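Below is one structure, written out as structure tokens, with a few remarks after it.
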Amino acid sequence: MQTMSLVGAASFLPETIVDNDHFMKASGVKRHPMFRGTKLRRHMQPTESATTMAVAAISSLGEKLNLDLAKDVDVLITNVTIPDLPFVGCGAAIVGELGLNPKTVYDLQNGGCVSFIFMMELAQMILNSTDARSVVICNLQTAAGRVFSLEDNLKLPQSSVPGDGCGVAYFVKDDSNPIQSIVTRTHGEYANDMQVITGDGRSWWQPGSTAFNIDFCEEKLGSIVSRGNKLVPEVMYEAIQKADIKPEDIDTLITNQPNRIFLRNWREAIQLDADKHINTLEDHGNMFGSAIPISLALGLDTGKIPKGSKVLLSGFSHAGDYSAASVLTWNG
């Protein structure tokens with residue numbers, strides 16, 4: 001099987017910064033521990049779109065890596081939390097804006113907060129079964145400004161956590177910075193535990209006068225915390241074993257970033273120091289699927305991922321319906 005390697009990563013964040021006071025004025029109550037740990041976050045504005053964020057992030061990636069985007073991108077894979085248009089991902093729009101000429105475009109809907117690793121798995125399959133030699137993976141979190149900042153939702157405790165942003169990464173068919181393992185799991189028994197709710201009881205697609213939001217009632221939170229603490233360590237250790245290394249060989253951990261509780265429990269599960277777990281929770285909030293590539297770009301840009309590092313990517317999504325992990329070696 002051909003080896004797939006990470007070449008680099010980049011990110012883009014909206015300009016609008018929102019602090020905790022914005023939500024405290026709306027709710028007037030302290031947040032549940034599940035929804036603490038953030039100080040700032042970025043929110044999309046109506047003039048911004050998933051496409052404009054992706055174009056900015058991929059353009060930055062091209063400049064970093066000296067890519068000719070029209071020639072050097074064979075495959076584009078995207079995942080968007082709230083698409084610009086119903087039914088339609090933004091892959092084709094990105095191609096049009098940037099003048100790309102990919103052989104294949106995929107807009108994925110599954111994976112949620114760990115969709116980056118699911119897209120890595122798809123990229124690896126494509127590179128091993130076609131003549132494509134390069135893949136751009138694009139994760140977009142767009143729900144903070146579009147859903148959680150709406151007036152009806154500001155008073156809800158979960159609305160203070162999300163932040164918007166885009167993370168992208170470039171992969172090629174070689175062994176320079178090899179992906180040593182990818183493990184993805186689907187837990188269908190939890191698929192219906194995350195529900196969209198509305199103040200007037202209608203379905204989210206029906207017209208109405210109130211905003212929709214995600215149901216994070218108190219009785220569900222305990223189960224979600226328990227699942228996250230179990231599913232992520234399990235899949236991390238599976239990826240480590242599949243990579244034929246030991247937990248103590250891991251130099252850097254990057255996960256999705258729901259809150260401080262999960263971040264602490266996950267790094268302690270592999271006995272890693274806090275400074276080796278890269279995240280942007282305080283400044284950017286819960287970035288959903290884009291958290292992993294944005295943190296990856298941060299680690300590469302700041303030198304927190306030095307040459308020779310074994311990097312473990314992992315996390316879970318929604319109420320526990322997906323979990324995933326991957327090990328890569330960064331040789332620079």
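A note on labels: chains of the structure tokens are A, B, ... as shown, every chain counts residues from 1, and ligands are counted from 1 in their shown order.
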
- Message: Need to verify the contact set: segment 213-217 of chain A, 10 Å, only C-alpha atoms, exclusion of same-chain residues closer than 3 positions in sequence. Can you return it as an MDAnalysis selection string?
- Response: chainID A and resid 34 143 147:148 150 152:153 156:159 193:199 204 210 220:222 224 318:319

Atoms to include: C-alpha atoms. Write the selected residues as a PDB file, in the first residue's frame.
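Just written: result35.pdb:
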ATOM      1  CA  MET A  34     -19.424  20.960  30.215  1.00  0.00           C
ATOM      2  CA  ALA A 143     -22.445  27.107  13.365  1.00  0.00           C
ATOM      3  CA  VAL A 147     -26.926  29.325  14.933  1.00  0.00           C
ATOM      4  CA  PHE A 148     -25.522  29.801  18.437  1.00  0.00           C
ATOM      5  CA  LEU A 150     -29.036  34.024  17.376  1.00  0.00           C
ATOM      6  CA  ASP A 152     -33.155  32.948  20.972  1.00  0.00           C
ATOM      7  CA  ASN A 153     -30.025  30.897  21.604  1.00  0.00           C
ATOM      8  CA  LEU A 156     -28.572  28.755  26.410  1.00  0.00           C
ATOM      9  CA  PRO A 157     -25.401  27.534  28.181  1.00  0.00           C
ATOM     10  CA  GLN A 158     -24.109  25.567  25.187  1.00  0.00           C
ATOM     11  CA  SER A 159     -24.150  28.657  22.956  1.00  0.00           C
ATOM     12  CA  ASP A 193     -28.985  11.043  21.170  1.00  0.00           C
ATOM     13  CA  MET A 194     -28.202  14.454  19.666  1.00  0.00           C
ATOM     14  CA  GLN A 195     -31.377  16.184  18.570  1.00  0.00           C
ATOM     15  CA  VAL A 196     -32.229  19.554  17.095  1.00  0.00           C
ATOM     16  CA  ILE A 197     -34.900  21.371  19.105  1.00  0.00           C
ATOM     17  CA  THR A 198     -37.009  24.492  18.583  1.00  0.00           C
ATOM     18  CA  GLY A 199     -38.901  26.704  21.011  1.00  0.00           C
ATOM     19  CA  TRP A 204     -35.874  22.400  12.125  1.00  0.00           C
ATOM     20  CA  THR A 210     -37.893  30.798  16.789  1.00  0.00           C
ATOM     21  CA  LYS A 220     -27.875  13.756  28.414  1.00  0.00           C
ATOM     22  CA  LEU A 221     -24.703  15.516  29.520  1.00  0.00           C
ATOM     23  CA  GLY A 222     -23.613  12.815  31.966  1.00  0.00           C
ATOM     24  CA  ILE A 224     -21.989  12.190  26.743  1.00  0.00           C
ATOM     25  CA  HIS A 318     -21.826  14.665  18.612  1.00  0.00           C
ATOM     26  CA  ALA A 319     -23.216  12.457  21.393  1.00  0.00           C
TER      27      ALA A 319
END

- Message: Run DSSP on the backbone and tell me which residues of segment 34-249 of chain A come out as alpha helix (DSSP H); list them as JSON, numbers by chain.
- Response: {"A": [50, 51, 52, 53, 54, 55, 56, 57, 58, 59, 60, 61, 62, 63, 64, 65, 69, 70, 71, 72, 91, 92, 93, 94, 95, 96, 97, 98, 115, 116, 117, 118, 119, 120, 121, 122, 123, 124, 125, 126, 127, 128, 129, 143, 218, 219, 220, 221, 222, 223, 224, 225, 226, 227, 228, 229, 230, 231, 232, 233, 234, 235, 236, 237, 238, 239, 240, 241, 242]}

- Task: Using only C-alpha atoms, determine which residues lie at most 9 Å from segment 15-18 of chain A, disregarding the query and same-chain residues fewer than 2 positions distant; provide the list as a list of chain:residue names.
- Result: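 The contact residues come out as A:Leu13, A:Asn20, A:Asp21, A:His22, A:Phe23, A:Lys39, A:Leu40, A:Arg41, A:Arg42, A:His43, A:Met44, A:Gln45, A:Gly163, A:His284.
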
Those residues with N, CA and C atoms, as a PDB file, in the first residue's frame please?
ATOM      1  N   LEU A  13      -9.548  32.349  10.366  1.00  0.00           N
ATOM      2  CA  LEU A  13     -10.528  32.665  11.405  1.00  0.00           C
ATOM      3  C   LEU A  13     -11.248  33.955  11.055  1.00  0.00           C
ATOM      4  N   ASN A  20     -16.791  36.418  26.780  1.00  0.00           N
ATOM      5  CA  ASN A  20     -17.794  35.762  27.621  1.00  0.00           C
ATOM      6  C   ASN A  20     -18.907  36.698  28.078  1.00  0.00           C
ATOM      7  N   ASP A  21     -18.607  37.990  28.211  1.00  0.00           N
ATOM      8  CA  ASP A  21     -19.625  38.941  28.661  1.00  0.00           C
ATOM      9  C   ASP A  21     -20.838  38.965  27.730  1.00  0.00           C
ATOM     10  N   HIS A  22     -20.586  38.711  26.480  1.00  0.00           N
ATOM     11  CA  HIS A  22     -21.666  38.713  25.484  1.00  0.00           C
ATOM     12  C   HIS A  22     -22.753  37.706  25.866  1.00  0.00           C
ATOM     13  N   PHE A  23     -22.319  36.547  26.400  1.00  0.00           N
ATOM     14  CA  PHE A  23     -23.270  35.499  26.749  1.00  0.00           C
ATOM     15  C   PHE A  23     -23.811  35.669  28.172  1.00  0.00           C
ATOM     16  N   LYS A  39     -12.659  31.690  26.725  1.00  0.00           N
ATOM     17  CA  LYS A  39     -12.639  33.116  27.047  1.00  0.00           C
ATOM     18  C   LYS A  39     -13.069  33.945  25.839  1.00  0.00           C
ATOM     19  N   LEU A  40     -12.599  33.538  24.666  1.00  0.00           N
ATOM     20  CA  LEU A  40     -12.913  34.221  23.419  1.00  0.00           C
ATOM     21  C   LEU A  40     -13.314  33.187  22.378  1.00  0.00           C
ATOM     22  N   ARG A  41     -13.938  33.655  21.319  1.00  0.00           N
ATOM     23  CA  ARG A  41     -14.236  32.815  20.172  1.00  0.00           C
ATOM     24  C   ARG A  41     -14.515  33.742  18.987  1.00  0.00           C
ATOM     25  N   ARG A  42     -14.438  33.202  17.767  1.00  0.00           N
ATOM     26  CA  ARG A  42     -14.721  33.982  16.559  1.00  0.00           C
ATOM     27  C   ARG A  42     -16.107  33.598  16.029  1.00  0.00           C
ATOM     28  N   HIS A  43     -16.844  34.583  15.561  1.00  0.00           N
ATOM     29  CA  HIS A  43     -18.151  34.348  14.962  1.00  0.00           C
ATOM     30  C   HIS A  43     -18.188  34.868  13.530  1.00  0.00           C
ATOM     31  N   MET A  44     -18.702  34.046  12.636  1.00  0.00           N
ATOM     32  CA  MET A  44     -18.951  34.493  11.274  1.00  0.00           C
ATOM     33  C   MET A  44     -20.006  35.592  11.264  1.00  0.00           C
ATOM     34  N   GLN A  45     -19.887  36.495  10.313  1.00  0.00           N
ATOM     35  CA  GLN A  45     -20.893  37.520  10.087  1.00  0.00           C
ATOM     36  C   GLN A  45     -21.675  37.190   8.810  1.00  0.00           C
ATOM     37  N   GLY A 163     -17.016  28.275  18.343  1.00  0.00           N
ATOM     38  CA  GLY A 163     -16.378  29.342  17.583  1.00  0.00           C
ATOM     39  C   GLY A 163     -16.239  28.892  16.141  1.00  0.00           C
ATOM     40  N   HIS A 284     -10.402  30.223  20.961  1.00  0.00           N
ATOM     41  CA  HIS A 284     -11.242  29.958  19.794  1.00  0.00           C
ATOM     42  C   HIS A 284     -12.501  29.166  20.120  1.00  0.00           C
TER      43      HIS A 284
END

- Record the distance separating atom CA of Asp72 of chain A and atom CA of Asn128 of chain A, expressed in Å with one decimal.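 Calculated distance between atom CA of Asp72 of chain A and atom CA of Asn128 of chain A is 17.4 Å.
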
- Task: Write out as a ChimeraX atom specification all residues of segment 136-280 of chain A that backbone DSSP assigns to strand (DSSP E or B).
- Result: /A:136-141,162,165-172,178-186,196-198,212-214,252-255,277-278

- Query: When distances are computed from only C-alpha atoms, which of A:Gly62, A:Gly8, A:Gly201, A:Gly285 shows the smallest separation from Asp301 of chain A?
  - Reply: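 With only C-alpha atoms as the atom set, the closest residue is A:Gly8.
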
- Message: Report as a list in words all protein, DNA and RNA residues lying within 9 Å of segment 85-99 of chain A, evaluated on only C-alpha atoms, omitting residues in the same chain fewer than 3 positions from it.
- Response: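 Skipping anything fewer than 3 positions along the chain leaves Ala50, Thr51, Thr52, Ala54, Val55, Ile58, Ser59, Leu69, Ala70, Leu76, Ile77, Thr78, Asn79, Val80, Ile82, Pro102, Val105, Tyr106, Asp107, Leu108 and Gln109 of chain A.
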
Residues from last step as file, N, CA and C atoms, as a PDB file, in the first residue's frame:
ATOM      1  N   ALA A  50     -18.936  29.906   4.241  1.00  0.00           N
ATOM      2  CA  ALA A  50     -18.002  28.782   4.305  1.00  0.00           C
ATOM      3  C   ALA A  50     -17.025  28.849   3.137  1.00  0.00           C
ATOM      4  N   THR A  51     -17.533  29.222   1.980  1.00  0.00           N
ATOM      5  CA  THR A  51     -16.687  29.286   0.789  1.00  0.00           C
ATOM      6  C   THR A  51     -15.593  30.334   0.933  1.00  0.00           C
ATOM      7  N   THR A  52     -15.935  31.531   1.422  1.00  0.00           N
ATOM      8  CA  THR A  52     -14.910  32.575   1.552  1.00  0.00           C
ATOM      9  C   THR A  52     -13.849  32.177   2.570  1.00  0.00           C
ATOM     10  N   ALA A  54     -12.947  29.046   3.305  1.00  0.00           N
ATOM     11  CA  ALA A  54     -12.152  27.979   2.696  1.00  0.00           C
ATOM     12  C   ALA A  54     -11.174  28.544   1.675  1.00  0.00           C
ATOM     13  N   VAL A  55     -11.625  29.482   0.873  1.00  0.00           N
ATOM     14  CA  VAL A  55     -10.756  30.098  -0.131  1.00  0.00           C
ATOM     15  C   VAL A  55      -9.571  30.777   0.545  1.00  0.00           C
ATOM     16  N   ILE A  58      -7.199  27.929   2.056  1.00  0.00           N
ATOM     17  CA  ILE A  58      -6.466  27.184   1.029  1.00  0.00           C
ATOM     18  C   ILE A  58      -5.451  28.083   0.329  1.00  0.00           C
ATOM     19  N   SER A  59      -5.796  29.352   0.146  1.00  0.00           N
ATOM     20  CA  SER A  59      -4.830  30.294  -0.431  1.00  0.00           C
ATOM     21  C   SER A  59      -3.610  30.430   0.470  1.00  0.00           C
ATOM     22  N   LEU A  69      -1.942  26.007  -7.149  1.00  0.00           N
ATOM     23  CA  LEU A  69      -3.211  25.379  -6.787  1.00  0.00           C
ATOM     24  C   LEU A  69      -3.951  24.815  -7.997  1.00  0.00           C
ATOM     25  N   ALA A  70      -3.774  25.397  -9.145  1.00  0.00           N
ATOM     26  CA  ALA A  70      -4.458  24.908 -10.346  1.00  0.00           C
ATOM     27  C   ALA A  70      -3.901  23.565 -10.814  1.00  0.00           C
ATOM     28  N   LEU A  76     -10.115  17.306  -3.742  1.00  0.00           N
ATOM     29  CA  LEU A  76     -10.570  18.208  -2.691  1.00  0.00           C
ATOM     30  C   LEU A  76     -11.668  17.516  -1.898  1.00  0.00           C
ATOM     31  N   ILE A  77     -11.492  17.470  -0.564  1.00  0.00           N
ATOM     32  CA  ILE A  77     -12.496  16.868   0.320  1.00  0.00           C
ATOM     33  C   ILE A  77     -12.879  17.898   1.374  1.00  0.00           C
ATOM     34  N   THR A  78     -14.182  18.129   1.554  1.00  0.00           N
ATOM     35  CA  THR A  78     -14.635  19.142   2.506  1.00  0.00           C
ATOM     36  C   THR A  78     -15.652  18.581   3.488  1.00  0.00           C
ATOM     37  N   ASN A  79     -15.739  19.259   4.636  1.00  0.00           N
ATOM     38  CA  ASN A  79     -16.803  18.996   5.606  1.00  0.00           C
ATOM     39  C   ASN A  79     -17.210  20.338   6.193  1.00  0.00           C
ATOM     40  N   VAL A  80     -18.500  20.682   6.132  1.00  0.00           N
ATOM     41  CA  VAL A  80     -19.012  21.970   6.591  1.00  0.00           C
ATOM     42  C   VAL A  80     -20.115  21.736   7.614  1.00  0.00           C
ATOM     43  N   ILE A  82     -22.524  23.976   8.897  1.00  0.00           N
ATOM     44  CA  ILE A  82     -23.756  24.531   8.333  1.00  0.00           C
ATOM     45  C   ILE A  82     -23.423  25.036   6.936  1.00  0.00           C
ATOM     46  N   PRO A 102      -9.300  19.868  -9.875  1.00  0.00           N
ATOM     47  CA  PRO A 102      -9.144  18.541  -9.272  1.00  0.00           C
ATOM     48  C   PRO A 102      -9.801  17.448 -10.114  1.00  0.00           C
ATOM     49  N   VAL A 105     -13.938  15.801  -6.386  1.00  0.00           N
ATOM     50  CA  VAL A 105     -14.354  16.626  -5.255  1.00  0.00           C
ATOM     51  C   VAL A 105     -15.364  15.832  -4.436  1.00  0.00           C
ATOM     52  N   TYR A 106     -15.147  15.793  -3.120  1.00  0.00           N
ATOM     53  CA  TYR A 106     -16.097  15.147  -2.220  1.00  0.00           C
ATOM     54  C   TYR A 106     -16.484  16.120  -1.110  1.00  0.00           C
ATOM     55  N   ASP A 107     -17.790  16.263  -0.885  1.00  0.00           N
ATOM     56  CA  ASP A 107     -18.307  17.007   0.264  1.00  0.00           C
ATOM     57  C   ASP A 107     -18.892  15.985   1.235  1.00  0.00           C
ATOM     58  N   LEU A 108     -18.201  15.780   2.365  1.00  0.00           N
ATOM     59  CA  LEU A 108     -18.623  14.790   3.350  1.00  0.00           C
ATOM     60  C   LEU A 108     -19.537  15.403   4.400  1.00  0.00           C
ATOM     61  N   GLN A 109     -20.496  14.616   4.877  1.00  0.00           N
ATOM     62  CA  GLN A 109     -21.395  15.073   5.932  1.00  0.00           C
ATOM     63  C   GLN A 109     -21.128  14.377   7.254  1.00  0.00           C
TER      64      GLN A 109
END

- Message: Using only C-alpha atoms, can you tell me which of A:Ile294, A:Ile182, A:Ala269, A:Leu300 comes closest to Glu238 of chain A?
- Response: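 Checking each candidate against Glu238 of chain A, we get A:Ile182 as the closest.
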
- Task: Do a neighbour search on Ile270 of chain A at 9 Å with only C-alpha atoms, toss out local chain neighbours closer than 4 positions, and write the hits as a PyMOL selection string.
- Result: chain A and resi 233+236-237+247-248+250+266
